[in-house]
Structures are given as C-alpha cells and as structure tokens.
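Q: Got a structure for you, questions after.
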Amino acid sequence: MKRFLVTCSYDGSDFAGWQKQENKRCVESEIEKALAGFDQRASSIVGSGRTDAKVHALAQRFHYDTTLEISASQVVKALNSHLPEDIFIKEAQAVSRDFHARFHAINKCYRYLINNRDYDVLMRNYQTYVKDRLDVARMRETAELFVGHQDFATFCATTFEEKENQVREIRSLVVSDNEGIITLTFEGKSFLRYMVRMISQTLIEVGRGKLTKDEVEEMLKAKDKSACRYNAKPEGLYLVRIDYE
C-alpha cells in the first residue's frame, strides 16, 4: 500500500466548494472521479481542509492510498489527463502511511484580493470590487488586533455545538496595497468557518470609515456570534499554501 500527498490548484468559480455534496459540482468529487478513471484501487482522498463555494486554491493538498504500482510523476500525469480544465495537479510525492494531510499541517496561508481601482469585468470572479476609496493605513492598524492566540467566536460561523473551543492563532495578517489592488494575507495553523472572510470584510468596513479600530476591538472581545454581520464575497479568497514539517 502506498500513500501519496498531492498538491492541486483550482479555479473555484464553478464549484460548490471542496467537500463533495450530493447533486453539486465539488472539487473533491471531481478528483475522486478522475482517480477512478485510472486507479480502481485508490481510496477516497483526504484534504488538508475545505474551501467554500467560489473560493480558489493555488496549492490545496490531499492524500490518498493505493496498491497500484505507480510513481508520483505518473500520478500527476494520469490525474491531469482525467481532470477538467479548472483543476490542475501540480505535484505528488510518496509519504509514510501515518502521514495525514489535515492533521499534520502546521501552517496555512490564505490571501484575500480587493480591487479598489477601476472595475475590471474580467476579474469579477477573482477579486472583490470595492468602489469606495479605502484607507489602507487604518486597515493595517486594525489588522494588528487579530494577530495572536485568541478567541475568534465573533468572527466565524462555526457554532459552539460544532466546536466549543474557538480559540485560534493568526500568526500574521499583512495588508498590502499595489496601486489599488489590496491584498490581505493570513497565516495560521487553522481557521474556523468564514473566519478569513468575516475578518476581511470587517477590515474593508474599517477602510471605508464605517467602523473604528476601537469598535472592532470590542467586537473581538465580545465573543458573540451576533456581534459581526460582515462576510466578504468568496470570489476574492485564495488558499495559497499548506505547510508541513
């Protein structure tokens, strides 16, 4: 039995998310269908985590097991020959049987892209357009509130029934501006549902002048599911990288 760790990228525009769902087009199900096309011995795939509908990935990772005699390079070639054009396998590597794509991840990087210049119709599925001029300096200052090990109950849609402990660590949150294309880059070991999108939209509202840093700090301290009503559009979000030891 072999176990492979596979890295893929995908355009999330036409997907209902990573996780397979009945009667919906999902990344996980498309990859498993492609695997079945050349390897009847392959197990179900196990992803490093989920992405929501219309969210993109530059380097999502998953593992699977097989008894088929096949090399890592052959896995890449075979999968790409069976996959639709909006999913691409970048690499594969053999790993130990106790390796786990989700549980062994030590860091994840997400990027949120905001178009704060002229509207670009060709990028409508890949950036979030904000017409109002954003104050990037205020966004940067407020972003510092989210860095560290703290309770993010206010800024996620994960219920307490699902996860009672909603303490997570954001190791870094960088706000950069390249001539009106504003990028929010998040790094941390794990993130709760909609956490990145809710924080991103909150920072957009700060940039608009609709929220102050003090108000955001109070929202964070409240640990209250009703304290944040913001959730950024999924099109601007990218899973950039998953790191392992």
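Letters A, B, ... go to the chains of the structure tokens in the order shown; residues in each chain start at 1; ligands are counted from 1 in the same order.
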Tell me which protein, DNA and RNA residues are within 12 Å of His104 of chain A, counting only C-alpha atoms, leaving out same-chain ones fewer than 4 positions away, and put them as a PyMOL selection string.
A: chain A and resi 5+46-49+61-63+95-96+98-100+108+189-190+242-245
Q: Could you write out that same residue set with C-alpha atoms as a PDB file, in the first residue's frame?
A:
```
ATOM      1  CA  LEU A   5       0.480  13.602  -0.927  1.00  0.00           C
ATOM      2  CA  VAL A  46      -8.410  13.298   2.390  1.00  0.00           C
ATOM      3  CA  GLY A  47      -7.972  17.045   2.004  1.00  0.00           C
ATOM      4  CA  SER A  48      -5.941  19.399   4.160  1.00  0.00           C
ATOM      5  CA  GLY A  49      -9.152  21.351   4.745  1.00  0.00           C
ATOM      6  CA  ARG A  61      -3.257  19.383  -0.710  1.00  0.00           C
ATOM      7  CA  PHE A  62      -4.714  15.931  -0.158  1.00  0.00           C
ATOM      8  CA  HIS A  63      -3.578  12.379   0.433  1.00  0.00           C
ATOM      9  CA  VAL A  95       4.681   9.810   2.037  1.00  0.00           C
ATOM     10  CA  SER A  96       4.622   7.485   5.014  1.00  0.00           C
ATOM     11  CA  ASP A  98       0.909   7.539   9.017  1.00  0.00           C
ATOM     12  CA  PHE A  99       1.020  10.903   7.242  1.00  0.00           C
ATOM     13  CA  HIS A 100      -2.252  12.879   7.310  1.00  0.00           C
ATOM     14  CA  LYS A 108      -1.938  27.604   6.263  1.00  0.00           C
ATOM     15  CA  LYS A 189      -2.320  26.717  11.740  1.00  0.00           C
ATOM     16  CA  SER A 190      -6.098  26.520  11.356  1.00  0.00           C
ATOM     17  CA  ILE A 242      -0.250  24.433   3.246  1.00  0.00           C
ATOM     18  CA  ASP A 243       2.971  23.774   5.168  1.00  0.00           C
ATOM     19  CA  TYR A 244       4.156  20.544   6.773  1.00  0.00           C
ATOM     20  CA  GLU A 245       7.211  19.819   8.882  1.00  0.00           C
TER      21      GLU A 245
END
```
Q: For Lys77 of chain A, list every protein, DNA or RNA residue within 12 Å, evaluated using only C-alpha atoms, and leave out those in the same chain fewer than 5 positions away; present the list as a PDB file with C-alpha atoms, in the first residue's frame.
A:
```
ATOM      1  CA  VAL A   6      -0.844  15.561  -3.891  1.00  0.00           C
ATOM      2  CA  ALA A  34     -10.510  11.302 -12.067  1.00  0.00           C
ATOM      3  CA  LEU A  35      -8.710   8.829  -9.779  1.00  0.00           C
ATOM      4  CA  PHE A  38      -7.172   5.041 -13.935  1.00  0.00           C
ATOM      5  CA  ILE A  70       2.570   3.807  -9.886  1.00  0.00           C
ATOM      6  CA  SER A  71       5.125   6.570  -9.375  1.00  0.00           C
ATOM      7  CA  ALA A  72       4.470  10.101  -8.117  1.00  0.00           C
ATOM      8  CA  HIS A  82      -8.681  12.831 -16.413  1.00  0.00           C
ATOM      9  CA  LEU A  83      -9.462  16.163 -14.723  1.00  0.00           C
ATOM     10  CA  PHE A  88      -4.703  21.125 -12.128  1.00  0.00           C
ATOM     11  CA  ILE A  89      -2.372  18.733 -10.297  1.00  0.00           C
ATOM     12  CA  LYS A  90       0.920  20.481  -9.595  1.00  0.00           C
ATOM     13  CA  GLU A  91       2.879  17.714  -7.897  1.00  0.00           C
ATOM     14  CA  ALA A  92       2.683  14.455  -5.966  1.00  0.00           C
TER      15      ALA A  92
END
```
Q: Return the single residue from A:Ala57, A:Val147, A:Ala42, A:Val75 that is closest to Arg241 of chain A, with distances computed using only C-alpha atoms.
A: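 Looking only at the distances to Arg241 of chain A, the closest residue turns out to be A:Ala57.
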Q: Please return, as a ChimeraX atom specification, all residues of chain A that DSSP assigns to helix (DSSP H, G or I) on the basis of the backbone.
A: /A:12-14,27-36,72-82,121-123,136-146,153-155,195-208,213-222,234-236
Q: What's the 7 Å shell around Val27 of chain A, counting only C-alpha atoms, without same-chain residues fewer than 6 positions away, as a short mmCIF file (atom, residue, chain, number, x, y, z; two decimals) with N, CA and C atoms, in the first residue's frame?
A:
```
data_model
loop_
_atom_site.label_atom_id
_atom_site.label_comp_id
_atom_site.auth_asym_id
_atom_site.auth_seq_id
_atom_site.Cartn_x
_atom_site.Cartn_y
_atom_site.Cartn_z
N PHE A 15 -17.51 25.81 -8.76
CA PHE A 15 -17.62 24.74 -7.77
C PHE A 15 -18.45 25.17 -6.57
N GLY A 17 -17.68 24.27 -3.72
CA GLY A 17 -16.73 24.13 -2.63
C GLY A 17 -15.87 22.89 -2.81
N TRP A 18 -14.98 22.66 -1.85
CA TRP A 18 -14.10 21.49 -1.90
C TRP A 18 -14.86 20.21 -1.60
N GLN A 19 -15.57 20.18 -0.49
CA GLN A 19 -16.18 18.94 0.01
C GLN A 19 -17.32 18.47 -0.88
#
```
Q: Leaving out Leu173 of chain A and any residue of its chain fewer than 5 positions from it, which residues lie within 9 Å of it when counting only C-alpha atoms, given as a VMD selection string?
A: chain A and resid 140 143 to 144 146 to 147 184 to 187
Q: Name all residues at most 12 Å from Tyr119 of chain A (count only C-alpha atoms; drop same-chain ones fewer than 5 positions away) and give them as number ranges by chain.
A: A: 114, 124-125, 127-132, 180-181
Q: Using the chain letters and numbers from this document, which residues of segment 99-149 of chain A does DSSP assign to strand (DSSP E), as a PDB file with N, CA and C atoms, in the first residue's frame?
A:
```
ATOM      1  N   ALA A 105      -0.721  19.241   9.098  1.00  0.00           N
ATOM      2  CA  ALA A 105      -0.451  20.600   8.621  1.00  0.00           C
ATOM      3  C   ALA A 105      -0.044  21.488   9.795  1.00  0.00           C
ATOM      4  N   ILE A 106       1.013  22.268   9.611  1.00  0.00           N
ATOM      5  CA  ILE A 106       1.481  23.147  10.684  1.00  0.00           C
ATOM      6  C   ILE A 106       1.223  24.621  10.378  1.00  0.00           C
ATOM      7  N   ASN A 107       0.861  24.933   9.146  1.00  0.00           N
ATOM      8  CA  ASN A 107       0.594  26.333   8.794  1.00  0.00           C
ATOM      9  C   ASN A 107      -0.219  26.395   7.506  1.00  0.00           C
ATOM     10  N   LYS A 108      -1.154  27.352   7.472  1.00  0.00           N
ATOM     11  CA  LYS A 108      -1.938  27.604   6.263  1.00  0.00           C
ATOM     12  C   LYS A 108      -1.865  29.086   5.932  1.00  0.00           C
ATOM     13  N   CYS A 109      -1.839  29.365   4.646  1.00  0.00           N
ATOM     14  CA  CYS A 109      -1.798  30.748   4.179  1.00  0.00           C
ATOM     15  C   CYS A 109      -2.977  31.002   3.253  1.00  0.00           C
ATOM     16  N   TYR A 110      -3.741  32.041   3.561  1.00  0.00           N
ATOM     17  CA  TYR A 110      -4.853  32.483   2.718  1.00  0.00           C
ATOM     18  C   TYR A 110      -4.600  33.915   2.262  1.00  0.00           C
ATOM     19  N   ARG A 111      -5.125  34.234   1.097  1.00  0.00           N
ATOM     20  CA  ARG A 111      -4.982  35.583   0.552  1.00  0.00           C
ATOM     21  C   ARG A 111      -6.347  36.081   0.108  1.00  0.00           C
ATOM     22  N   TYR A 112      -6.663  37.336   0.474  1.00  0.00           N
ATOM     23  CA  TYR A 112      -7.917  37.949   0.028  1.00  0.00           C
ATOM     24  C   TYR A 112      -7.578  39.161  -0.831  1.00  0.00           C
ATOM     25  N   LEU A 113      -8.116  39.180  -2.058  1.00  0.00           N
ATOM     26  CA  LEU A 113      -7.794  40.236  -3.024  1.00  0.00           C
ATOM     27  C   LEU A 113      -8.953  41.207  -3.187  1.00  0.00           C
ATOM     28  N   ILE A 114      -8.644  42.490  -3.072  1.00  0.00           N
ATOM     29  CA  ILE A 114      -9.637  43.560  -3.189  1.00  0.00           C
ATOM     30  C   ILE A 114      -9.221  44.486  -4.320  1.00  0.00           C
ATOM     31  N   ASN A 115     -10.122  44.688  -5.275  1.00  0.00           N
ATOM     32  CA  ASN A 115      -9.891  45.667  -6.334  1.00  0.00           C
ATOM     33  C   ASN A 115     -10.461  47.002  -5.884  1.00  0.00           C
ATOM     34  N   THR A 128     -12.538  40.999  -5.231  1.00  0.00           N
ATOM     35  CA  THR A 128     -13.737  41.675  -4.748  1.00  0.00           C
ATOM     36  C   THR A 128     -13.604  43.165  -5.033  1.00  0.00           C
ATOM     37  N   TYR A 129     -14.554  43.697  -5.783  1.00  0.00           N
ATOM     38  CA  TYR A 129     -14.504  45.112  -6.153  1.00  0.00           C
ATOM     39  C   TYR A 129     -15.124  45.961  -5.050  1.00  0.00           C
ATOM     40  N   GLY A 148      -2.329  36.913  16.831  1.00  0.00           N
ATOM     41  CA  GLY A 148      -2.099  36.318  18.133  1.00  0.00           C
ATOM     42  C   GLY A 148      -3.049  35.169  18.413  1.00  0.00           C
ATOM     43  N   HIS A 149      -2.928  34.629  19.599  1.00  0.00           N
ATOM     44  CA  HIS A 149      -3.678  33.465  20.052  1.00  0.00           C
ATOM     45  C   HIS A 149      -4.860  33.977  20.848  1.00  0.00           C
TER      46      HIS A 149
END
```
Q: Calculated over only C-alpha atoms, which of the candidates A:Ser172, A:Phe191, A:Asp214, A:Ser73 has the smallest distance to Phe152 of chain A?
A: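 Checking each of A:Ser172, A:Phe191, A:Asp214, A:Ser73 against Phe152 of chain A, counting only C-alpha atoms, the winner is A:Phe191.
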Q: Figure out the distance between atom CA of Val136 of chain A and atom CA of Lys213 of chain A, please, to one decimal in Å.
A: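 Computing it gives 12.7 Å between the two atoms.
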Q: List the neighbours of Thr66 of chain A out to 9 Å using only C-alpha atoms; skip same-chain residues closer than 2 positions along the sequence, and give me the result as a compact mmCIF listing (two decimals) with C-alpha atoms, in the first residue's frame.
A:
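Saved to around11.txt:
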```txt
# COMPACT_ATOMS: atom_id res chain seq x y z
CA MET A 1 0.00 0.00 0.00
CA LYS A 2 1.31 3.44 -0.96
CA ARG A 3 0.21 6.85 0.27
CA PHE A 4 0.63 9.93 -1.92
CA ASP A 39 -6.92 3.54 -10.45
CA GLN A 40 -9.74 1.34 -9.18
CA ARG A 41 -7.66 0.61 -6.07
CA ALA A 42 -7.47 4.21 -4.88
CA SER A 43 -9.04 5.16 -1.57
CA TYR A 64 -4.86 9.04 -0.79
CA LEU A 68 -1.43 0.26 -7.73
CA GLU A 69 2.21 0.20 -8.83
CA ILE A 70 2.57 3.81 -9.89
```
